[in-house]
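One structure below.
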Amino acid sequence: MKRFIKPDILAMQAYTLKPYTYRHKMNQNENPFGYPEDLKAIVLERVAQADWARYPSFTLDTLREALAAHNGVRREMVLVGNGSNELIYVTLAATLRTGDHVVIPVPTFSVYGLLARVFGAHVHEIPMPPETNFALPVDAVIETAQRHQARVVVLCTPNNPTGTAYAPADVERVAAESGALVLIDEAYREFADQDFTPLLERYDNVVLLRTFSKAMAMGGLRVGYAITNEALARELHKAQLPYALNLFSETAALVAIEHFESHFRPLIERLKAERERLIPALNALPGLHAYPSAANFVLARFDRPAREIFEALLNRAGILIRDVSGYPLLAGHLRISLGTPEENDLLVQTLAEILGAA
Ligand SMILES: Cc1ncc(COP(=O)(O)O)c(C=O)c1O
């Protein structure tokens, strides 16, 4: 049977998430406040009035128009997909040939490397060690891309799972000097004070990826989008399945955009305030170091084995966080998604008990 499968796939580890029983879900960087109830009612009413028998909009013009206005770009520059994961897939499918080179600073979101290998690419991982606070090794990224004439460089900022926001000047240097297509994953942009949209005016090799799964509390509905120049958007679109987005998700995304300032901005501000409260509270505990974060999660290094801490949180308080200690360079590290204020308090209190500070 296996003889039908490409060697690249046979050699790969699958992307998996182990199911756990939990009371507090702080493992996937979701919005703990959820999609606002009054907006859910609007979505349900609009969806109830639509004709479910008909295919959804082919070009998604209404949503793309709304996203263009929201991001200050033209509609033709926006590509909408079934989660930003789909757009990572589409971008790599449209660009990578077997044997092409891809440069990825690590640790980062593992899907890029996984998909690059699916398409037969050589992945060059550039280490970002904890001692540097996971700063982007910009010279090494550019040098490696140039040496291998890399087709794609993937930069995730703020980076998952480190929370690091790369210096904008460094990101721009990669766009200017790498010679590659630069995929900038901005899944956590709403929690950071960065905006890479202006790069699109200056460079024709930049693709920005954004999502409704995190700040916009729509992880369950699978909506992401890419912004790039019009010529590239037309080409990437060719690699996409028709009707990637269903009517329900399209409606929920549109309603979220329409109510961004009134409903989502305050939730984002509350989460940013929680982050600024949680990091010093964690660092006041013995036996751990929490890194700065520009996202809605916090990475921490523990003196005791990470697995022990992970299990103790789950067993004592039903708090599920993410064990990232198996990622490159992250032995001893765990990633904690921001919860509600009550959940963050419970987390700190439970950790204090586990670490013997309470
Ligand atoms: C950096 C990054 N990019 C993309 C994704 C995928 O998001 P989506 O739900 O839009 O597919 C995630 C999800 O965890 C992520 O952390």
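Letters for chains follow the order of the structure tokens (A, B, ...), residue numbers begin at 1 for each chain, and ligand numbers begin at 1 in the order shown.
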
Could I get the residues of chain A with an atom no further than 9 Å from an atom of ligand 1, each paired with its nearest atom pair and that distance in Å to one decimal, using only C-alpha atoms and all ligand atoms, sorted by chain and residue number, as a tab-separated table?
```
residue	atom	partner	partner_atom_place_in_ligand_line	distance
A:Gln28	CA	ligand 1	14 (O)	6.2
A:Asn29	CA	ligand 1	14 (O)	6.7
A:Glu30	CA	ligand 1	14 (O)	8.4
A:Gly81	CA	ligand 1	10 (O)	8.5
A:Asn82	CA	ligand 1	11 (O)	7.1
A:Gly83	CA	ligand 1	10 (O)	3.6
A:Ser84	CA	ligand 1	10 (O)	3.5
A:Asn85	CA	ligand 1	11 (O)	3.7
A:Glu86	CA	ligand 1	11 (O)	6.5
A:Leu87	CA	ligand 1	11 (O)	8.1
A:Ile88	CA	ligand 1	4 (C)	7.8
A:Thr108	CA	ligand 1	1 (C)	7.5
A:Phe109	CA	ligand 1	1 (C)	5.3
A:Ser110	CA	ligand 1	1 (C)	8.7
A:Val111	CA	ligand 1	4 (C)	7.9
A:Tyr112	CA	ligand 1	3 (N)	8.7
A:Cys156	CA	ligand 1	1 (C)	5.9
A:Thr157	CA	ligand 1	1 (C)	7.7
A:Pro158	CA	ligand 1	1 (C)	7.9
A:Asn159	CA	ligand 1	1 (C)	6.4
A:Asn160	CA	ligand 1	1 (C)	5.2
A:Pro161	CA	ligand 1	16 (O)	7.5
A:Asp185	CA	ligand 1	3 (N)	5.9
A:Glu186	CA	ligand 1	1 (C)	6.8
A:Ala187	CA	ligand 1	3 (N)	5.1
A:Tyr188	CA	ligand 1	1 (C)	7.1
A:Leu209	CA	ligand 1	3 (N)	7.8
A:Arg210	CA	ligand 1	10 (O)	7.0
A:Thr211	CA	ligand 1	10 (O)	4.4
A:Phe212	CA	ligand 1	10 (O)	6.3
A:Ser213	CA	ligand 1	9 (O)	4.7
A:Lys214	CA	ligand 1	9 (O)	7.4
A:Met218	CA	ligand 1	9 (O)	8.1
A:Gly219	CA	ligand 1	9 (O)	5.4
A:Gly220	CA	ligand 1	9 (O)	8.0
A:Leu221	CA	ligand 1	9 (O)	8.4
A:Arg222	CA	ligand 1	9 (O)	5.7
A:Val223	CA	ligand 1	10 (O)	6.0
A:Gly224	CA	ligand 1	10 (O)	4.8
A:Tyr225	CA	ligand 1	10 (O)	8.0
```

Using only C-alpha atoms, which protein or nucleic acid residues come within 6 Å of stretch 301-312 of chain A? Drop anything in the same chain fewer than 3 positions from it, and give the result as a VMD selection string. chain A and resid 287 to 289 315 to 316 332 to 333

Could you turn the residues from that selection into a file that holds all heavy atoms, as a compact mmCIF listing (two decimals), in the first residue's frame?
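Output file result36.txt follows:
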```txt
# COMPACT_ATOMS: atom_id res chain seq x y z
N GLY A 287 11.00 29.32 39.75
CA GLY A 287 11.20 28.16 38.85
C GLY A 287 10.63 28.31 37.47
O GLY A 287 10.42 27.30 36.78
N LEU A 288 10.34 29.55 37.05
CA LEU A 288 9.92 29.71 35.67
C LEU A 288 10.32 31.07 35.14
O LEU A 288 10.53 32.02 35.90
CB LEU A 288 8.41 29.48 35.50
CG LEU A 288 7.42 30.58 35.91
CD1 LEU A 288 7.24 31.62 34.83
CD2 LEU A 288 6.08 29.94 36.20
N HIS A 289 10.42 31.14 33.81
CA HIS A 289 10.66 32.43 33.15
C HIS A 289 9.65 32.59 32.02
O HIS A 289 9.59 31.76 31.11
CB HIS A 289 12.07 32.50 32.59
CG HIS A 289 12.27 33.71 31.72
ND1 HIS A 289 12.32 35.00 32.23
CD2 HIS A 289 12.37 33.84 30.37
CE1 HIS A 289 12.47 35.86 31.24
NE2 HIS A 289 12.51 35.19 30.09
N ASN A 315 -4.50 18.11 35.89
CA ASN A 315 -5.07 17.27 36.94
C ASN A 315 -5.63 18.08 38.11
O ASN A 315 -6.68 17.77 38.64
CB ASN A 315 -4.02 16.28 37.46
CG ASN A 315 -3.62 15.31 36.36
OD1 ASN A 315 -4.39 15.09 35.40
ND2 ASN A 315 -2.41 14.77 36.44
N ARG A 316 -4.96 19.15 38.49
CA ARG A 316 -5.40 19.92 39.66
C ARG A 316 -6.55 20.86 39.33
O ARG A 316 -7.45 21.05 40.17
CB ARG A 316 -4.26 20.78 40.20
CG ARG A 316 -3.22 20.02 40.95
CD ARG A 316 -2.13 20.99 41.36
NE ARG A 316 -1.06 20.29 42.02
CZ ARG A 316 -0.61 20.61 43.23
NH1 ARG A 316 -1.13 21.62 43.90
NH2 ARG A 316 0.37 19.93 43.78
N GLY A 332 11.72 22.11 27.92
CA GLY A 332 11.38 22.79 29.17
C GLY A 332 10.35 23.90 29.03
O GLY A 332 10.03 24.57 30.01
N HIS A 333 9.83 24.11 27.82
CA HIS A 333 8.92 25.23 27.60
C HIS A 333 7.45 24.77 27.44
O HIS A 333 7.17 23.72 26.89
CB HIS A 333 9.30 26.00 26.33
CG HIS A 333 10.57 26.78 26.45
ND1 HIS A 333 11.82 26.19 26.54
CD2 HIS A 333 10.80 28.13 26.50
CE1 HIS A 333 12.75 27.13 26.63
NE2 HIS A 333 12.17 28.31 26.62
```

Quick one: DSSP alpha helix (DSSP H) residues in stretch 279-329 of chain A, as a ChimeraX atom specification? /A:279-283,306-317

Suppose we keep N, CA and C atoms; can you now write the selection as a CSV table (one decimal), in the first residue's frame?
```csv
chain,number,residue,atom,x,y,z
A,279,ILE,N,2.0,38.2,32.5
A,279,ILE,CA,3.5,38.0,32.4
A,279,ILE,C,4.2,38.3,33.7
A,280,PRO,N,4.0,39.5,34.3
A,280,PRO,CA,4.7,39.7,35.6
A,280,PRO,C,4.3,38.8,36.7
A,281,ALA,N,3.0,38.4,36.7
A,281,ALA,CA,2.5,37.5,37.7
A,281,ALA,C,3.2,36.2,37.6
A,282,LEU,N,3.4,35.7,36.4
A,282,LEU,CA,4.1,34.4,36.2
A,282,LEU,C,5.6,34.6,36.6
A,283,ASN,N,6.2,35.7,36.2
A,283,ASN,CA,7.6,35.9,36.6
A,283,ASN,C,7.9,36.1,38.0
A,306,ALA,N,8.8,20.0,31.8
A,306,ALA,CA,7.6,20.7,31.3
A,306,ALA,C,6.4,19.8,31.4
A,307,ARG,N,6.6,18.5,31.1
A,307,ARG,CA,5.5,17.6,31.1
A,307,ARG,C,4.8,17.4,32.4
A,308,GLU,N,5.7,17.5,33.5
A,308,GLU,CA,5.2,17.4,34.9
A,308,GLU,C,4.2,18.6,35.2
A,309,ILE,N,4.7,19.8,34.8
A,309,ILE,CA,3.9,21.0,35.0
A,309,ILE,C,2.6,20.9,34.2
A,310,PHE,N,2.7,20.5,32.9
A,310,PHE,CA,1.5,20.4,32.1
A,310,PHE,C,0.5,19.5,32.7
A,311,GLU,N,0.9,18.3,33.2
A,311,GLU,CA,0.0,17.4,33.7
A,311,GLU,C,-0.6,17.8,35.1
A,312,ALA,N,0.2,18.5,35.9
A,312,ALA,CA,-0.3,19.0,37.1
A,312,ALA,C,-1.4,20.0,37.0
A,313,LEU,N,-1.2,20.9,36.0
A,313,LEU,CA,-2.2,21.9,35.7
A,313,LEU,C,-3.5,21.3,35.3
A,314,LEU,N,-3.4,20.3,34.5
A,314,LEU,CA,-4.6,19.6,34.0
A,314,LEU,C,-5.3,18.8,35.1
A,315,ASN,N,-4.5,18.1,35.9
A,315,ASN,CA,-5.1,17.3,36.9
A,315,ASN,C,-5.6,18.1,38.1
A,316,ARG,N,-5.0,19.1,38.5
A,316,ARG,CA,-5.4,19.9,39.7
A,316,ARG,C,-6.6,20.9,39.3
A,317,ALA,N,-6.5,21.5,38.1
A,317,ALA,CA,-7.4,22.6,37.9
A,317,ALA,C,-8.2,22.5,36.5
```

As a PyMOL selection string, please: every residue in stretch 66-303 of chain A that DSSP puts in strand (DSSP E or B). chain A and resi 78-81+101-106+122-127+152-156+181-185+206-211+224-227+288-290+297-302

Measure the distance from atom CA of A:His259 to atom CA of A:Gly72 in Å and round it to one decimal. 16.6 Å

Fewer than 6 positions away in the same chain doesn't count, so skip those; otherwise give me all residues within 10 Å of stretch 192-203 of chain A, counting only C-alpha atoms, as an NGL selection string. :A and (71-73 or 77 or 157-158 or 163-168 or 171-172 or 175-176 or 181-182 or 184 or 186 or 227-229 or 272 or 293-296)

Suppose we keep N, CA and C atoms; can you now write the selection as a tab-separated table (two decimals), in the first residue's frame?
```
chain	number	residue	atom	x	y	z
A	71	ASN	N	-8.71	46.77	5.77
A	71	ASN	CA	-7.25	46.74	5.77
A	71	ASN	C	-6.61	47.83	4.91
A	72	GLY	N	-7.45	48.69	4.33
A	72	GLY	CA	-6.91	49.78	3.52
A	72	GLY	C	-6.21	49.33	2.24
A	73	VAL	N	-6.74	48.29	1.61
A	73	VAL	CA	-6.17	47.82	0.34
A	73	VAL	C	-7.29	47.68	-0.70
A	77	MET	N	-6.65	42.60	-4.19
A	77	MET	CA	-5.45	42.15	-3.46
A	77	MET	C	-5.79	41.12	-2.39
A	157	THR	N	4.97	36.65	12.44
A	157	THR	CA	5.17	37.71	13.43
A	157	THR	C	3.85	38.36	13.81
A	158	PRO	N	3.48	38.40	15.10
A	158	PRO	CA	4.17	37.77	16.22
A	158	PRO	C	4.26	36.26	16.01
A	163	GLY	N	5.81	34.16	20.71
A	163	GLY	CA	5.20	35.46	21.01
A	163	GLY	C	6.02	36.64	20.53
A	164	THR	N	7.16	36.35	19.90
A	164	THR	CA	8.08	37.41	19.48
A	164	THR	C	7.54	38.20	18.29
A	165	ALA	N	7.60	39.53	18.39
A	165	ALA	CA	7.31	40.37	17.23
A	165	ALA	C	8.66	40.73	16.61
A	166	TYR	N	8.87	40.35	15.36
A	166	TYR	CA	10.15	40.66	14.71
A	166	TYR	C	10.23	42.16	14.45
A	167	ALA	N	11.47	42.68	14.45
A	167	ALA	CA	11.65	44.10	14.17
A	167	ALA	C	11.19	44.38	12.74
A	168	PRO	N	10.33	45.38	12.54
A	168	PRO	CA	9.82	45.67	11.19
A	168	PRO	C	10.95	45.90	10.17
A	171	VAL	N	12.16	42.54	8.95
A	171	VAL	CA	11.20	41.91	8.04
A	171	VAL	C	11.32	42.55	6.66
A	172	GLU	N	11.46	43.87	6.67
A	172	GLU	CA	11.60	44.58	5.39
A	172	GLU	C	12.89	44.18	4.68
A	175	ALA	N	12.37	41.02	2.84
A	175	ALA	CA	11.61	41.27	1.60
A	175	ALA	C	12.54	41.86	0.53
A	176	ALA	N	13.41	42.77	0.96
A	176	ALA	CA	14.25	43.49	0.00
A	176	ALA	C	15.41	42.64	-0.51
A	181	LEU	N	9.98	34.70	-2.35
A	181	LEU	CA	8.64	35.14	-1.96
A	181	LEU	C	8.60	35.12	-0.43
A	182	VAL	N	8.17	36.19	0.18
A	182	VAL	CA	8.17	36.26	1.65
A	182	VAL	C	6.73	36.17	2.14
A	184	ILE	N	4.41	36.37	5.10
A	184	ILE	CA	4.39	36.92	6.47
A	184	ILE	C	3.07	36.53	7.12
A	186	GLU	N	0.55	36.78	9.85
A	186	GLU	CA	0.16	37.76	10.88
A	186	GLU	C	-1.08	37.28	11.65
A	227	ILE	N	-3.35	38.88	1.76
A	227	ILE	CA	-3.30	40.15	1.03
A	227	ILE	C	-1.95	40.20	0.32
A	228	THR	N	-2.00	40.45	-0.97
A	228	THR	CA	-0.76	40.56	-1.74
A	228	THR	C	-1.04	41.47	-2.94
A	229	ASN	N	-0.06	41.64	-3.82
A	229	ASN	CA	-0.35	42.49	-4.98
A	229	ASN	C	-1.31	41.77	-5.93
A	272	LYS	N	-5.11	42.17	25.71
A	272	LYS	CA	-3.77	42.77	25.82
A	272	LYS	C	-3.50	43.17	27.27
A	293	SER	N	5.61	38.92	25.20
A	293	SER	CA	4.77	38.42	24.12
A	293	SER	C	4.01	39.57	23.46
A	294	ALA	N	3.91	39.49	22.14
A	294	ALA	CA	3.09	40.47	21.40
A	294	ALA	C	1.83	39.78	20.88
A	295	ALA	N	1.53	38.60	21.42
A	295	ALA	CA	0.38	37.83	20.92
A	295	ALA	C	-0.61	37.57	22.06
A	296	ASN	N	-1.54	36.66	21.86
A	296	ASN	CA	-2.51	36.36	22.92
A	296	ASN	C	-2.14	35.06	23.65
```
